[in-house]
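Asks: Input: one structure, supplied below.
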Amino acid sequence: MALAGQSAVEDRQETIPATMQAAVYRGVNDVRVETVPVPEIGPGELLVRVHTCGICGTDLKKIATGSHSAPRIFGHETSGEVAAVGKGVRDFHPGERVVVFHHIPCGECYYCRHKTFAQCQTYKKVGCTAGFEPSGGGFAEYVRVMDWIAREGTVRIPDGVSHEQACFLEPVNTCMKGIERLRLEAGETVLVIGQGPIGIILGTLAKRAGASVITTDLYPERLTISSKDFSLGNGIDASRSDPVKSVRELTEGRGADAAILAVGGNGLIRSAMDAVRPGGRVLLFAQTARGEATIDPAAVCVDEKTLLGSYSASVELQQESVKFVMGREAPLERLISHRFSLAESVEGLDLAAHPQPDSMKIVVQPGRSR
């Protein structure tokens, strides 16, 4: 295995240090900024200098529950600059700006043939690491991109597109997959429960598909952002009004054609099902923690309502998500409310874990001074 610097072009070797700073997960709710070795890369791999990495709810869940062994370096919504390339890499060169996916499926197994890519064993392997067990690695100065991700999951950032805009590529893909699962038809009405960054992206994509969107959130500040910056009207302040009743009033008493649950926890599943019409669909998007939930089985059987799930990204939507993000079809940077340096990353993770009315997307920016 070659040292990262040794695999770079000659005039780039001296720019890559032996050590770097990283936010290291050490146990339940225990993340520390530490000095660690810059990861080594091998043939076919890339070393990326991280500029921006978004904080995702799955990162927060792993940190809070201790579901993964320690130590690890999380962070997977990563954009940056190629710092070095491994032997045999021809498609990328040092200095190019890129964003990387951390999962790419094999394309050949049973689950890939049935287009259930997130269940593929190769997909379940994380292909980016800043050290320790591969876990994304974006909360560090440098990240190693393994060969299959370098080949199939690394995307150039065009001129005129910021690292901040580009880091939304993976979450946008996951949202596109959810919208595809709903099989929306033009003219349908969709209720999006939760107007955090993911809820707003889901609502934007539903509107793009031709649906009429109703939004709801407990924080009126988020409804303002949703309406002002992303033109998602029909906002229901759930702290003041009953969303189910309000949705029925907006749909001639029927209920929405579909509802998307874009907030965690299982307590709102029943409300989402109550808010859709007979024959309607409910998409669970944020229910990633295993547990139990109460539903009305007659709503599924007698009312013919459908309960759906969508998890992670789809390789088949990679080009469409690139088009959306890099084409700036939505001003995704406006979703970023807080930016933290790597030295401040523990504070950023804490804020993301305890969202406030004025907090939306929170990013860690190891490269924000460059």
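Chain labels follow the order of the structure tokens: the first chain is A, the next B, and so on; residue numbering restarts at 1 in every chain, and ligands are counted from 1 in their shown order.
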Write out as a PyMOL selection string each polymer residue whose atoms come within 7 Å of range 346-354 of chain A, counting only C-alpha atoms; drop sequence neighbours fewer than 3 positions from it.
Replies: chain A and resi 31-32+60+340+362
Asks: As a ChimeraX atom specification, please: all residues of range 137-335 of chain A that backbone DSSP puts in helix (DSSP H, G or I).
Replies: /A:147-152,163-166,169-182,197-208,220-230,243-250,269-275,297-301,315-326,332-335
Asks: Applying 12 Å and only C-alpha atoms, which residues near Pro297 in chain A remain after dropping the ones on its own chain fewer than 2 positions away? List them as a PyMOL selection string.
Replies: chain A and resi 270+273-274+293-295+299-307
Asks: What would the file look like if the residues just selected were written as a short mmCIF file (atom, residue, chain, number, x, y, z; two decimals), in the first residue's frame with N, CA and C atoms?
Replies:
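The result, written out as again_0.cif:
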data_model
loop_
_atom_site.label_atom_id
_atom_site.label_comp_id
_atom_site.auth_asym_id
_atom_site.auth_seq_id
_atom_site.Cartn_x
_atom_site.Cartn_y
_atom_site.Cartn_z
N ARG A 270 -49.30 7.32 12.25
CA ARG A 270 -50.77 7.26 12.27
C ARG A 270 -51.36 8.56 11.71
N MET A 273 -51.10 8.63 7.95
CA MET A 273 -52.09 7.77 7.30
C MET A 273 -53.49 8.39 7.38
N ASP A 274 -53.79 9.07 8.49
CA ASP A 274 -55.08 9.72 8.62
C ASP A 274 -55.22 10.89 7.65
N ALA A 293 -44.52 0.59 15.95
CA ALA A 293 -45.40 1.71 15.67
C ALA A 293 -46.83 1.22 15.67
N THR A 294 -47.75 2.13 15.99
CA THR A 294 -49.16 1.81 15.98
C THR A 294 -49.80 2.32 14.69
N ILE A 295 -50.45 1.43 13.97
CA ILE A 295 -51.20 1.83 12.78
C ILE A 295 -52.59 1.20 12.86
N ALA A 299 -57.07 0.78 7.92
CA ALA A 299 -56.72 1.83 6.96
C ALA A 299 -56.02 1.23 5.75
N VAL A 300 -55.28 0.14 5.96
CA VAL A 300 -54.60 -0.54 4.87
C VAL A 300 -55.56 -1.46 4.13
N CYS A 301 -56.36 -2.18 4.88
CA CYS A 301 -57.25 -3.18 4.26
C CYS A 301 -58.53 -2.55 3.71
N VAL A 302 -59.32 -1.92 4.57
CA VAL A 302 -60.61 -1.39 4.15
C VAL A 302 -60.46 -0.12 3.33
N ASP A 303 -59.58 0.81 3.81
CA ASP A 303 -59.39 2.09 3.11
C ASP A 303 -58.37 1.99 1.98
N GLU A 304 -57.75 0.85 1.85
CA GLU A 304 -56.82 0.58 0.75
C GLU A 304 -55.66 1.57 0.67
N LYS A 305 -55.20 2.01 1.82
CA LYS A 305 -54.05 2.91 1.87
C LYS A 305 -52.76 2.09 1.84
N THR A 306 -51.74 2.64 1.24
CA THR A 306 -50.48 1.93 1.07
C THR A 306 -49.38 2.59 1.89
N LEU A 307 -48.65 1.79 2.64
CA LEU A 307 -47.52 2.26 3.44
C LEU A 307 -46.25 1.83 2.75
#
Asks: Using only C-alpha atoms, find each residue of range 283-345 of chain A with at least one atom at most 10 Å away from an atom of range 122-141 of chain A; report its shortest atom-to-atom pair and that distance in Å (one decimal), sort the rows by chain and rising residue number, and return the result as JSON lines.
Replies:
{"residue": "A:Ala313", "atom": "CA", "partner": "A:Tyr123", "partner_atom": "CA", "distance": 9.9}
{"residue": "A:Val315", "atom": "CA", "partner": "A:Tyr123", "partner_atom": "CA", "distance": 9.9}
{"residue": "A:Ser341", "atom": "CA", "partner": "A:Phe139", "partner_atom": "CA", "distance": 9.8}
{"residue": "A:Leu342", "atom": "CA", "partner": "A:Phe139", "partner_atom": "CA", "distance": 7.1}
{"residue": "A:Ala343", "atom": "CA", "partner": "A:Ala140", "partner_atom": "CA", "distance": 9.9}
{"residue": "A:Ser345", "atom": "CA", "partner": "A:Phe139", "partner_atom": "CA", "distance": 7.8}
Asks: Those same residues - N, CA, C and O atoms - I'd like them written as an mmCIF file, in the first residue's frame.
Replies:
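That gives us out_34.cif:
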data_model
loop_
_atom_site.group_PDB
_atom_site.id
_atom_site.type_symbol
_atom_site.label_atom_id
_atom_site.label_comp_id
_atom_site.auth_asym_id
_atom_site.auth_seq_id
_atom_site.Cartn_x
_atom_site.Cartn_y
_atom_site.Cartn_z
ATOM 1 N N ALA A 313 -29.694 5.783 -1.354
ATOM 2 C CA ALA A 313 -29.660 6.312 -2.715
ATOM 3 C C ALA A 313 -29.861 5.214 -3.754
ATOM 4 O O ALA A 313 -29.791 4.022 -3.457
ATOM 5 N N VAL A 315 -28.413 4.135 -7.586
ATOM 6 C CA VAL A 315 -27.417 4.398 -8.618
ATOM 7 C C VAL A 315 -28.085 4.780 -9.937
ATOM 8 O O VAL A 315 -27.512 5.522 -10.738
ATOM 9 N N SER A 341 -16.112 24.989 11.410
ATOM 10 C CA SER A 341 -14.791 24.483 11.036
ATOM 11 C C SER A 341 -14.620 23.094 11.633
ATOM 12 O O SER A 341 -15.408 22.659 12.498
ATOM 13 N N LEU A 342 -13.590 22.392 11.212
ATOM 14 C CA LEU A 342 -13.336 21.065 11.773
ATOM 15 C C LEU A 342 -13.070 21.155 13.271
ATOM 16 O O LEU A 342 -13.521 20.308 14.056
ATOM 17 N N ALA A 343 -12.364 22.194 13.689
ATOM 18 C CA ALA A 343 -12.095 22.373 15.118
ATOM 19 C C ALA A 343 -13.378 22.564 15.915
ATOM 20 O O ALA A 343 -13.433 22.250 17.110
ATOM 21 N N SER A 345 -16.301 21.119 15.035
ATOM 22 C CA SER A 345 -17.239 20.110 14.544
ATOM 23 C C SER A 345 -18.067 19.458 15.636
ATOM 24 O O SER A 345 -19.238 19.099 15.405
#
Asks: Report as an MDAnalysis selection string all protein, DNA and RNA residues lying within 12 Å of Gly27 in chain A, evaluated on only C-alpha atoms, omitting residues in the same chain fewer than 5 positions from it.
Replies: chainID A and resid 32 62:73
Asks: Residues as selected, C-alpha atoms, written as a JSON list (two decimals), in the first residue's frame, can you do that?
Replies:
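Output contents, as saved in again.json:
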[["chain", "number", "residue", "atom", "x", "y", "z"],
["A", 32, "ARG", "CA", -13.39, 14.24, 19.77],
["A", 62, "LYS", "CA", -25.05, 6.26, 15.02],
["A", 63, "ILE", "CA", -23.35, 8.65, 17.45],
["A", 64, "ALA", "CA", -26.33, 8.78, 19.82],
["A", 65, "THR", "CA", -27.10, 5.06, 19.90],
["A", 66, "GLY", "CA", -23.64, 3.53, 19.75],
["A", 67, "SER", "CA", -24.87, 1.23, 17.00],
["A", 68, "HIS", "CA", -21.38, 1.12, 15.47],
["A", 69, "SER", "CA", -18.08, 0.12, 17.02],
["A", 70, "ALA", "CA", -15.52, 2.78, 17.86],
["A", 71, "PRO", "CA", -13.31, 4.42, 16.77],
["A", 72, "ARG", "CA", -14.75, 5.72, 13.49],
["A", 73, "ILE", "CA", -14.83, 8.91, 11.44]]
Asks: Under the rule that only C-alpha atoms are counted, which of A:Pro220, A:Thr52, A:Ile260, A:Cys167 is the nearest residue to Gly203 in chain A?
Replies: A:Ile260
